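Asks: mmCIF, C-alpha atoms and all ligand atoms, file target_5.cif:
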```cif
data_protein
#
loop_
_atom_site.label_atom_id
_atom_site.label_comp_id
_atom_site.auth_asym_id
_atom_site.auth_seq_id
_atom_site.Cartn_x
_atom_site.Cartn_y
_atom_site.Cartn_z
CA MET A 1 0.00 0.00 0.00
CA LYS A 2 1.29 3.44 -0.94
CA ALA A 3 0.94 6.74 0.96
CA LEU A 4 1.21 10.17 -0.61
CA VAL A 5 2.09 12.97 1.80
CA ALA A 6 1.87 16.66 0.85
CA VAL A 7 4.47 18.88 2.48
CA LYS A 8 4.53 22.66 2.18
CA ARG A 9 7.48 24.94 2.81
CA VAL A 10 6.29 27.79 5.00
CA VAL A 11 7.68 30.52 7.26
CA ASP A 12 8.93 28.83 10.43
CA TYR A 13 6.34 28.95 13.21
CA ASN A 14 8.78 30.81 15.50
CA VAL A 15 9.15 33.73 13.10
CA LYS A 16 7.06 36.82 13.70
CA VAL A 17 6.19 37.93 10.18
CA ARG A 18 6.00 41.61 9.30
CA VAL A 19 3.82 43.32 6.75
CA LYS A 20 5.58 44.95 3.79
CA ALA A 21 5.68 48.75 3.83
CA ASP A 22 3.29 48.95 0.86
CA SER A 23 0.76 46.56 2.58
CA SER A 24 0.85 44.28 -0.46
CA ASP A 25 1.83 41.14 1.47
CA VAL A 26 3.88 39.88 4.39
CA ASP A 27 7.63 40.19 4.06
CA ILE A 28 9.26 36.77 3.99
CA GLY A 29 12.61 37.84 2.59
CA ASN A 30 15.47 36.32 4.66
CA VAL A 31 13.24 34.62 7.23
CA LYS A 32 13.64 31.03 8.40
CA MET A 33 11.49 28.59 6.44
CA SER A 34 10.49 25.09 7.56
CA MET A 35 8.10 22.28 6.79
CA ASN A 36 4.52 23.22 7.75
CA PRO A 37 4.13 21.74 11.28
CA PHE A 38 0.93 19.85 10.41
CA ASP A 39 2.72 18.30 7.43
CA GLU A 40 5.47 17.07 9.73
CA ILE A 41 2.72 15.30 11.69
CA ALA A 42 1.35 13.85 8.42
CA VAL A 43 4.81 12.54 7.45
CA GLU A 44 5.33 11.11 10.94
CA GLU A 45 2.00 9.27 10.71
CA ALA A 46 2.92 7.79 7.33
CA VAL A 47 6.30 6.67 8.71
CA ARG A 48 4.62 5.06 11.73
CA LEU A 49 2.18 3.24 9.43
CA LYS A 50 5.14 1.99 7.41
CA GLU A 51 7.01 0.91 10.54
CA ALA A 52 3.88 -0.98 11.61
CA GLY A 53 3.95 -2.82 8.27
CA LYS A 54 0.65 -1.31 7.11
CA ILE A 55 2.07 0.57 4.12
CA SER A 56 5.03 -0.20 1.93
CA GLU A 57 5.96 3.12 0.32
CA ILE A 58 5.78 6.80 1.23
CA VAL A 59 5.94 9.44 -1.48
CA ALA A 60 6.34 13.06 -0.33
CA VAL A 61 5.18 15.85 -2.65
CA SER A 62 5.89 19.55 -2.46
CA ILE A 63 4.83 22.35 -4.78
CA GLY A 64 6.72 25.61 -4.85
CA GLU A 65 10.09 27.28 -5.26
CA LYS A 66 13.41 25.47 -5.68
CA LYS A 67 14.05 25.51 -1.93
CA CYS A 68 11.13 23.10 -1.43
CA GLU A 69 13.82 20.51 -2.09
CA ASP A 70 15.03 21.14 1.50
CA THR A 71 11.54 20.46 2.81
CA LEU A 72 11.36 17.26 0.80
CA ARG A 73 14.80 16.20 2.08
CA THR A 74 13.46 16.64 5.62
CA ALA A 75 10.50 14.38 4.75
CA LEU A 76 12.96 11.83 3.30
CA ALA A 77 15.10 12.05 6.45
CA MET A 78 12.00 11.39 8.56
CA GLY A 79 11.36 8.20 6.59
CA ALA A 80 9.67 8.96 3.26
CA ASP A 81 11.00 6.74 0.47
CA ARG A 82 10.99 9.18 -2.42
CA ALA A 83 9.98 12.71 -3.23
CA ILE A 84 8.30 14.63 -6.04
CA HIS A 85 8.91 18.34 -6.47
CA ILE A 86 6.65 20.41 -8.69
CA GLU A 87 8.72 23.55 -9.08
CA THR A 88 7.11 26.96 -9.48
CA ASP A 89 7.84 30.47 -8.23
CA THR A 90 4.18 31.45 -8.52
CA LYS A 91 2.17 31.61 -5.30
CA LEU A 92 -0.57 29.04 -5.76
CA GLU A 93 -4.03 28.97 -4.22
CA PRO A 94 -5.32 25.83 -2.46
CA LEU A 95 -7.47 24.89 -5.48
CA ALA A 96 -4.43 24.92 -7.77
CA VAL A 97 -2.43 22.89 -5.23
CA ALA A 98 -5.30 20.39 -4.91
CA LYS A 99 -5.46 20.01 -8.72
CA LEU A 100 -1.70 19.41 -8.90
CA LEU A 101 -1.85 16.88 -6.07
CA LYS A 102 -4.69 15.15 -7.90
CA ALA A 103 -2.52 14.95 -11.03
CA VAL A 104 0.23 13.30 -8.97
CA ALA A 105 -2.27 10.97 -7.27
CA ASP A 106 -3.69 9.92 -10.67
CA LYS A 107 -0.19 8.81 -11.65
CA GLU A 108 0.90 7.30 -8.34
CA ASN A 109 -2.38 5.69 -7.24
CA PRO A 110 -1.83 5.98 -3.47
CA GLN A 111 -4.30 4.28 -1.12
CA ILE A 112 -3.88 6.92 1.52
CA LEU A 113 -3.30 10.64 1.01
CA LEU A 114 -2.05 12.53 4.04
CA LEU A 115 -1.98 16.31 4.30
CA GLY A 116 -1.73 18.84 7.09
CA LYS A 117 -5.02 20.26 8.34
CA GLN A 118 -3.81 23.71 7.34
CA ALA A 119 -0.76 25.56 6.18
CA ILE A 120 0.33 28.07 8.81
CA ASP A 121 1.10 30.73 6.21
CA ASP A 122 -2.24 31.07 4.41
CA ASP A 123 -4.30 29.31 7.14
CA ALA A 124 -6.64 28.23 4.35
CA ASN A 125 -7.63 24.75 5.59
CA GLN A 126 -8.94 23.95 2.10
CA THR A 127 -6.49 21.77 0.18
CA ALA A 128 -7.34 18.37 1.69
CA GLN A 129 -11.07 18.96 1.26
CA MET A 130 -10.65 20.13 -2.34
CA LEU A 131 -8.35 17.23 -3.17
CA ALA A 132 -10.89 14.73 -1.80
CA ALA A 133 -13.61 16.35 -3.90
CA LEU A 134 -11.48 16.31 -7.06
CA LEU A 135 -10.55 12.66 -6.51
CA ASN A 136 -14.12 11.79 -5.55
CA ALA A 137 -12.58 10.11 -2.51
CA PRO A 138 -13.78 10.06 1.11
CA GLN A 139 -12.13 12.52 3.49
CA ALA A 140 -11.40 12.72 7.21
CA THR A 141 -10.11 16.12 8.28
CA PHE A 142 -8.54 17.06 11.66
CA ALA A 143 -7.39 13.49 12.36
CA SER A 144 -6.16 12.66 15.86
CA LYS A 145 -5.97 8.87 15.34
CA VAL A 146 -5.58 6.74 12.21
CA GLU A 147 -6.14 2.97 12.19
CA LEU A 148 -5.42 1.53 8.79
CA GLY A 149 -6.98 -1.74 7.62
CA ASN A 150 -6.80 -3.50 4.26
CA ASP A 151 -9.46 -1.60 2.42
CA LYS A 152 -10.73 0.73 5.13
CA VAL A 153 -9.30 3.29 7.49
CA VAL A 154 -10.80 4.28 10.84
CA VAL A 155 -10.09 7.92 11.68
CA THR A 156 -10.80 9.75 14.90
CA ARG A 157 -11.48 13.40 14.13
CA GLU A 158 -11.22 16.40 16.39
CA ILE A 159 -14.52 18.23 16.33
CA ASP A 160 -15.96 21.06 18.44
CA GLY A 161 -16.42 19.73 21.94
CA GLY A 162 -15.27 16.18 21.33
CA GLU A 163 -14.27 13.51 18.85
CA GLU A 164 -15.91 11.82 15.90
CA VAL A 165 -14.92 8.40 14.58
CA VAL A 166 -15.37 7.79 10.86
CA VAL A 167 -14.69 4.75 8.68
CA LEU A 168 -13.50 5.51 5.16
CA THR A 169 -13.11 3.22 2.19
CA LEU A 170 -9.68 3.47 0.60
CA PRO A 171 -8.33 5.39 -1.22
CA ALA A 172 -8.99 8.21 1.22
CA VAL A 173 -7.76 11.70 2.07
CA ILE A 174 -6.81 12.47 5.67
CA SER A 175 -5.67 15.76 7.16
CA ALA A 176 -3.52 15.70 10.27
CA ASP A 177 -4.34 17.63 13.43
CA LEU A 178 -1.99 18.48 16.28
CA ARG A 179 -2.76 15.54 18.56
CA LEU A 180 -2.23 12.82 15.93
CA ASN A 181 1.39 12.28 16.98
CA GLU A 182 4.61 13.99 17.96
CA PRO A 183 7.02 14.08 15.02
CA ARG A 184 10.39 12.47 15.60
CA PHE A 185 13.64 14.37 15.89
CA VAL A 186 15.60 13.80 12.69
CA LYS A 187 19.07 12.41 13.36
CA LEU A 188 22.17 13.26 11.34
CA PRO A 189 22.65 9.77 9.78
CA ASN A 190 19.06 9.97 8.49
CA ILE A 191 19.74 13.42 7.02
CA MET A 192 22.81 11.99 5.25
CA ALA A 193 20.88 8.93 4.03
CA ALA A 194 18.08 11.19 2.75
CA LYS A 195 20.50 12.83 0.32
CA LYS A 196 20.68 9.56 -1.60
CA LYS A 197 16.93 9.00 -1.80
CA PRO A 198 15.21 9.81 -5.14
CA LEU A 199 13.81 13.31 -5.64
CA GLU A 200 11.94 13.62 -8.91
CA LYS A 201 11.32 16.99 -10.56
CA VAL A 202 8.05 17.49 -12.38
CA ALA A 203 7.47 20.58 -14.50
CA LEU A 204 4.25 22.36 -13.64
CA ALA A 205 3.49 22.82 -17.34
CA ASP A 206 3.67 19.04 -17.95
CA LEU A 207 0.73 18.43 -15.60
CA ASN A 208 -1.68 20.41 -17.75
CA VAL A 209 -3.47 21.95 -14.79
CA ASP A 210 -5.23 25.33 -14.66
CA THR A 211 -3.46 27.13 -11.81
CA ALA A 212 -4.88 30.59 -12.51
CA THR A 213 -5.36 32.86 -9.50
CA ARG A 214 -8.98 33.40 -8.53
CA VAL A 215 -8.56 35.45 -5.38
CA ASN A 216 -7.03 38.92 -5.43
CA VAL A 217 -5.43 40.04 -2.17
CA MET A 218 -6.23 43.74 -1.86
CA LYS A 219 -4.29 44.61 1.28
CA VAL A 220 -2.42 42.98 4.16
CA LEU A 221 -2.49 44.83 7.49
CA GLU A 222 -0.88 44.38 10.91
CA PRO A 223 -3.40 43.48 13.63
CA LYS A 224 -4.38 46.47 15.79
CA ALA A 225 -2.00 46.96 18.70
CA ARG A 226 -3.58 45.79 21.95
CA GLN A 227 -3.96 48.25 24.80
CA ALA A 228 -1.86 47.61 27.86
CA GLY A 229 -3.73 46.02 30.77
CA VAL A 230 -4.02 47.41 34.30
CA LYS A 231 -3.30 45.72 37.62
CA VAL A 232 -6.04 45.88 40.21
CA ALA A 233 -5.38 45.77 43.94
CA ASN A 234 -8.30 43.56 44.94
CA VAL A 235 -11.53 41.91 43.83
CA ALA A 236 -13.63 44.90 44.84
CA GLU A 237 -11.64 47.14 42.48
CA LEU A 238 -11.92 44.53 39.70
CA VAL A 239 -15.72 44.37 40.08
CA GLU A 240 -15.91 48.18 40.16
CA LYS A 241 -13.90 48.43 36.90
CA LEU A 242 -15.87 45.69 35.16
CA LYS A 243 -19.10 47.44 36.16
CA ASN A 244 -18.29 51.09 35.57
CA GLU A 245 -15.39 51.16 33.06
CA ALA A 246 -15.76 48.05 30.88
CA LYS A 247 -19.51 47.93 31.58
CA VAL A 248 -19.58 44.15 31.09
CA ILE A 249 -21.35 43.23 34.34
P1 LIG B 301 -4.07 24.83 3.22
O1 LIG B 301 -5.35 24.34 2.60
O2 LIG B 301 -3.37 25.85 2.35
O3 LIG B 301 -4.26 25.33 4.63
O4 LIG B 301 -3.08 23.59 3.27
C1 LIG B 301 -3.45 22.35 3.82
C2 LIG B 301 -2.43 21.29 3.49
O5 LIG B 301 -2.31 21.13 2.07
C3 LIG B 301 -1.01 21.58 3.95
O6 LIG B 301 -0.83 21.26 5.32
C4 LIG B 301 -0.21 20.65 3.03
O7 LIG B 301 -0.28 19.31 3.47
C5 LIG B 301 -0.99 20.76 1.71
N1 LIG B 301 -0.40 21.82 0.87
C6 LIG B 301 -0.83 23.10 0.72
N2 LIG B 301 -0.01 23.77 -0.13
C7 LIG B 301 0.96 22.91 -0.51
C8 LIG B 301 2.11 23.00 -1.36
N3 LIG B 301 2.43 24.12 -1.99
N4 LIG B 301 2.87 21.89 -1.51
C9 LIG B 301 2.57 20.74 -0.88
N5 LIG B 301 1.51 20.60 -0.07
C10 LIG B 301 0.71 21.65 0.12
#
```
Since I need it in another form, could you write the structure as structure tokens?
Replies:
Amino acid sequence: MKALVAVKRVVDYNVKVRVKADSSDVDIGNVKMSMNPFDEIAVEEAVRLKEAGKISEIVAVSIGEKKCEDTLRTALAMGADRAIHIETDTKLEPLAVAKLLKAVADKENPQILLLGKQAIDDDANQTAQMLAALLNAPQATFASKVELGNDKVVVTREIDGGEEVVVLTLPAVISADLRLNEPRFVKLPNIMAAKKKPLEKVALADLNVDTATRVNVMKVLEPKARQAGVKVANVAELVEKLKNEAKVI
């Protein structure tokens, strides 16, 4: 059984991004980039399924600039078997990414497609859902547990106020949530070994996919600065302020 895992190169989660002076976008020049944290969880899950003997091959896919190769090498170091890089310098919307992933899936025929629940740069939370729709495959988003059988997969999903357990017929699309697992620390020998694993380049044009932009970003703004808080001496003062200043009680 084959797993396809989508990994996106994004601004590292520790970086505080700044808005460009002309408000056209955020400024990501010279900032640290890493694999999207939810994608790391997706790769880890695929590797654990392989270690448990449930799947035999893991293919990692990334779409984006040349440097996505680094992200794919990280996936290979974590345990993916081979990688596919669709290189483009154009910023793609989730629909375009979903169409490209579908094109790869049509060729690779994976039984399980693992994605992150959302990319922490655009926070779209759309690609997995769109991919499932394009493939006409069942989907389980926000997965916190994955139990893979021969032709079915049981997924526990994180939903408001609890959990939902769904059974999907394979092939299926799953998006990883935070509690699914804790990704392993990649050791140096694995990083070295990953350099020898196959990384295939696919030209975007060869996939014959319409990647036209449909959403126009008008402006990107910093969030409003929050007002400093005040310290109150006692509960009586707190109640007085809530009543007379904030007028919330
Ligand atoms: P999004 O819908 O943009 O929040 O992204 C959800 C998930 O789709 C990510 O966690 C990735 O698994 C996958 N994804 C989105 N964009 C890309 C990309 N450029 N390359 C590879 N995977 C991607």
Asks: Given only C-alpha atoms as the basis, pick out the residue of A:Leu101, A:Leu148, A:Leu180, A:Val155 nearest to Leu4 (chain A).
Replies: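 Counting only C-alpha atoms, the residue closest to Leu4 (chain A) is A:Leu101.
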Asks: At what distance in Å, to one decimal, does CA of Asn14 (chain A) lie from CA of Ala194 (chain A)?
Replies: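 Distance reported for this atom pair: 25.2 Å.
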Asks: Find the residues near ligand LIG 301 (chain B). Use a cut-off of 9 Å, count all atoms listed in the file, and write them as a compact mmCIF listing (two decimals) with C-alpha atoms, in the coordinates of the input.
Replies:
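Writing done, so here's selection39.txt:
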```txt
# COMPACT_ATOMS: atom_id res chain seq x y z
CA VAL A 5 2.09 12.97 1.80
CA ALA A 6 1.87 16.66 0.85
CA VAL A 7 4.47 18.88 2.48
CA LYS A 8 4.53 22.66 2.18
CA ARG A 9 7.48 24.94 2.81
CA VAL A 10 6.29 27.79 5.00
CA ASN A 36 4.52 23.22 7.75
CA PRO A 37 4.13 21.74 11.28
CA PHE A 38 0.93 19.85 10.41
CA ASP A 39 2.72 18.30 7.43
CA GLU A 40 5.47 17.07 9.73
CA ALA A 42 1.35 13.85 8.42
CA ALA A 60 6.34 13.06 -0.33
CA VAL A 61 5.18 15.85 -2.65
CA SER A 62 5.89 19.55 -2.46
CA ILE A 63 4.83 22.35 -4.78
CA GLY A 64 6.72 25.61 -4.85
CA GLU A 65 10.09 27.28 -5.26
CA CYS A 68 11.13 23.10 -1.43
CA HIS A 85 8.91 18.34 -6.47
CA ILE A 86 6.65 20.41 -8.69
CA LYS A 91 2.17 31.61 -5.30
CA LEU A 92 -0.57 29.04 -5.76
CA GLU A 93 -4.03 28.97 -4.22
CA PRO A 94 -5.32 25.83 -2.46
CA LEU A 95 -7.47 24.89 -5.48
CA ALA A 96 -4.43 24.92 -7.77
CA VAL A 97 -2.43 22.89 -5.23
CA ALA A 98 -5.30 20.39 -4.91
CA LEU A 101 -1.85 16.88 -6.07
CA LEU A 114 -2.05 12.53 4.04
CA LEU A 115 -1.98 16.31 4.30
CA GLY A 116 -1.73 18.84 7.09
CA LYS A 117 -5.02 20.26 8.34
CA GLN A 118 -3.81 23.71 7.34
CA ALA A 119 -0.76 25.56 6.18
CA ILE A 120 0.33 28.07 8.81
CA ASP A 121 1.10 30.73 6.21
CA ASP A 122 -2.24 31.07 4.41
CA ASP A 123 -4.30 29.31 7.14
CA ALA A 124 -6.64 28.23 4.35
CA ASN A 125 -7.63 24.75 5.59
CA GLN A 126 -8.94 23.95 2.10
CA THR A 127 -6.49 21.77 0.18
CA ALA A 128 -7.34 18.37 1.69
CA GLN A 129 -11.07 18.96 1.26
CA MET A 130 -10.65 20.13 -2.34
CA LEU A 131 -8.35 17.23 -3.17
CA SER A 175 -5.67 15.76 7.16
CA ALA A 176 -3.52 15.70 10.27
```
Asks: Compare A:Leu76, A:Ile84, A:Ile174, A:Val209 by their minimum atom-to-atom distance to Val186 (chain A), counting all atoms listed in the file, and give me the closest one.
Replies: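 Smallest distance to Val186 (chain A) is found for A:Leu76.
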Asks: Would you work out the distance separating CA of Leu207 (chain A) from CA of Thr88 (chain A), expressed in Å to one decimal?
Replies: 12.3 Å
Asks: If we count all atoms listed in the file, what is near Lys32 (chain A) at a cut-off of 12 Å, once residues fewer than 6 positions away on the same chain are taken out, given as a list in words?
Replies: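 Once the nearby chain positions are removed, what remains is Arg9, Val10, Val11, Asp12, Tyr13, Asn14, Val15, Lys16, Val17 and Lys67 of chain A.
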Asks: Write the residues of the selection above to a file with C-alpha atoms, as a PDB file, in the frame of the given file.
Replies:
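selection08.pdb was written with the following content:
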```
ATOM      1  CA  ARG A   9       7.480  24.940   2.810  1.00  0.00           C
ATOM      2  CA  VAL A  10       6.290  27.790   5.000  1.00  0.00           C
ATOM      3  CA  VAL A  11       7.680  30.520   7.260  1.00  0.00           C
ATOM      4  CA  ASP A  12       8.930  28.830  10.430  1.00  0.00           C
ATOM      5  CA  TYR A  13       6.340  28.950  13.210  1.00  0.00           C
ATOM      6  CA  ASN A  14       8.780  30.810  15.500  1.00  0.00           C
ATOM      7  CA  VAL A  15       9.150  33.730  13.100  1.00  0.00           C
ATOM      8  CA  LYS A  16       7.060  36.820  13.700  1.00  0.00           C
ATOM      9  CA  VAL A  17       6.190  37.930  10.180  1.00  0.00           C
ATOM     10  CA  LYS A  67      14.050  25.510  -1.930  1.00  0.00           C
TER      11      LYS A  67
END
```
Asks: Taking the partial coordinates given, rebuild region 25-36 of chain A to contain all heavy atoms; return it as an mmCIF file, keeping the file's coordinate frame.
Replies:
```cif
data_model
loop_
_atom_site.group_PDB
_atom_site.id
_atom_site.type_symbol
_atom_site.label_atom_id
_atom_site.label_comp_id
_atom_site.auth_asym_id
_atom_site.auth_seq_id
_atom_site.Cartn_x
_atom_site.Cartn_y
_atom_site.Cartn_z
ATOM 1 N N ASP A 25 1.679 42.537 1.023
ATOM 2 C CA ASP A 25 1.830 41.140 1.470
ATOM 3 C C ASP A 25 2.665 41.145 2.761
ATOM 4 O O ASP A 25 3.093 42.206 3.200
ATOM 5 C CB ASP A 25 2.544 40.313 0.386
ATOM 6 C CG ASP A 25 2.205 38.832 0.475
ATOM 7 O OD1 ASP A 25 1.698 38.403 1.533
ATOM 8 O OD2 ASP A 25 2.453 38.113 -0.495
ATOM 9 N N VAL A 26 2.925 39.939 3.283
ATOM 10 C CA VAL A 26 3.880 39.880 4.390
ATOM 11 C C VAL A 26 5.275 39.755 3.788
ATOM 12 O O VAL A 26 5.443 39.268 2.672
ATOM 13 C CB VAL A 26 3.600 38.684 5.351
ATOM 14 C CG1 VAL A 26 2.373 38.938 6.187
ATOM 15 C CG2 VAL A 26 3.501 37.386 4.595
ATOM 16 N N ASP A 27 6.256 40.199 4.555
ATOM 17 C CA ASP A 27 7.630 40.190 4.060
ATOM 18 C C ASP A 27 8.310 38.903 4.517
ATOM 19 O O ASP A 27 8.559 38.720 5.711
ATOM 20 C CB ASP A 27 8.353 41.416 4.647
ATOM 21 C CG ASP A 27 9.710 41.615 3.999
ATOM 22 O OD1 ASP A 27 10.098 40.770 3.166
ATOM 23 O OD2 ASP A 27 10.367 42.614 4.336
ATOM 24 N N ILE A 28 8.608 38.017 3.579
ATOM 25 C CA ILE A 28 9.260 36.770 3.990
ATOM 26 C C ILE A 28 10.696 36.673 3.475
ATOM 27 O O ILE A 28 11.298 35.609 3.505
ATOM 28 C CB ILE A 28 8.436 35.511 3.614
ATOM 29 C CG1 ILE A 28 8.194 35.432 2.107
ATOM 30 C CG2 ILE A 28 7.142 35.436 4.376
ATOM 31 C CD1 ILE A 28 7.765 34.046 1.664
ATOM 32 N N GLY A 29 11.218 37.823 3.039
ATOM 33 C CA GLY A 29 12.610 37.840 2.590
ATOM 34 C C GLY A 29 13.521 37.564 3.784
ATOM 35 O O GLY A 29 13.340 38.138 4.847
ATOM 36 N N ASN A 30 14.465 36.634 3.617
ATOM 37 C CA ASN A 30 15.470 36.320 4.660
ATOM 38 C C ASN A 30 14.896 35.797 5.975
ATOM 39 O O ASN A 30 15.508 35.994 7.021
ATOM 40 C CB ASN A 30 16.326 37.557 4.987
ATOM 41 C CG ASN A 30 17.093 37.998 3.774
ATOM 42 O OD1 ASN A 30 17.579 37.168 3.015
ATOM 43 N ND2 ASN A 30 17.160 39.302 3.562
ATOM 44 N N VAL A 31 13.714 35.210 5.975
ATOM 45 C CA VAL A 31 13.240 34.620 7.230
ATOM 46 C C VAL A 31 13.399 33.101 7.173
ATOM 47 O O VAL A 31 13.497 32.521 6.092
ATOM 48 C CB VAL A 31 11.754 34.970 7.570
ATOM 49 C CG1 VAL A 31 11.561 36.463 7.665
ATOM 50 C CG2 VAL A 31 10.797 34.352 6.586
ATOM 51 N N LYS A 32 13.450 32.485 8.346
ATOM 52 C CA LYS A 32 13.640 31.030 8.400
ATOM 53 C C LYS A 32 12.397 30.331 7.864
ATOM 54 O O LYS A 32 11.271 30.687 8.237
ATOM 55 C CB LYS A 32 13.922 30.612 9.839
ATOM 56 C CG LYS A 32 14.235 29.151 9.968
ATOM 57 C CD LYS A 32 14.676 28.787 11.374
ATOM 58 C CE LYS A 32 15.042 27.325 11.405
ATOM 59 N NZ LYS A 32 14.266 26.534 12.308
ATOM 60 N N MET A 33 12.605 29.365 6.995
ATOM 61 C CA MET A 33 11.490 28.590 6.440
ATOM 62 C C MET A 33 11.618 27.150 6.930
ATOM 63 O O MET A 33 12.718 26.647 7.125
ATOM 64 C CB MET A 33 11.542 28.609 4.908
ATOM 65 C CG MET A 33 11.566 29.997 4.295
ATOM 66 S SD MET A 33 10.019 30.880 4.410
ATOM 67 C CE MET A 33 9.059 30.090 3.117
ATOM 68 N N SER A 34 10.491 26.482 7.099
ATOM 69 C CA SER A 34 10.490 25.090 7.560
ATOM 70 C C SER A 34 9.318 24.345 6.943
ATOM 71 O O SER A 34 8.463 24.957 6.306
ATOM 72 C CB SER A 34 10.304 25.026 9.077
ATOM 73 O OG SER A 34 11.316 25.709 9.721
ATOM 74 N N MET A 35 9.261 23.045 7.228
ATOM 75 C CA MET A 35 8.100 22.280 6.790
ATOM 76 C C MET A 35 6.897 22.714 7.641
ATOM 77 O O MET A 35 7.034 22.904 8.858
ATOM 78 C CB MET A 35 8.340 20.777 6.988
ATOM 79 C CG MET A 35 7.212 19.928 6.418
ATOM 80 S SD MET A 35 7.322 18.169 6.863
ATOM 81 C CE MET A 35 8.837 17.668 6.109
ATOM 82 N N ASN A 36 5.743 22.882 7.015
ATOM 83 C CA ASN A 36 4.520 23.220 7.750
ATOM 84 C C ASN A 36 4.335 22.212 8.901
ATOM 85 O O ASN A 36 4.382 20.999 8.671
ATOM 86 C CB ASN A 36 3.351 23.149 6.765
ATOM 87 C CG ASN A 36 2.050 23.534 7.403
ATOM 88 O OD1 ASN A 36 1.977 24.500 8.151
ATOM 89 N ND2 ASN A 36 1.013 22.760 7.119
#
```
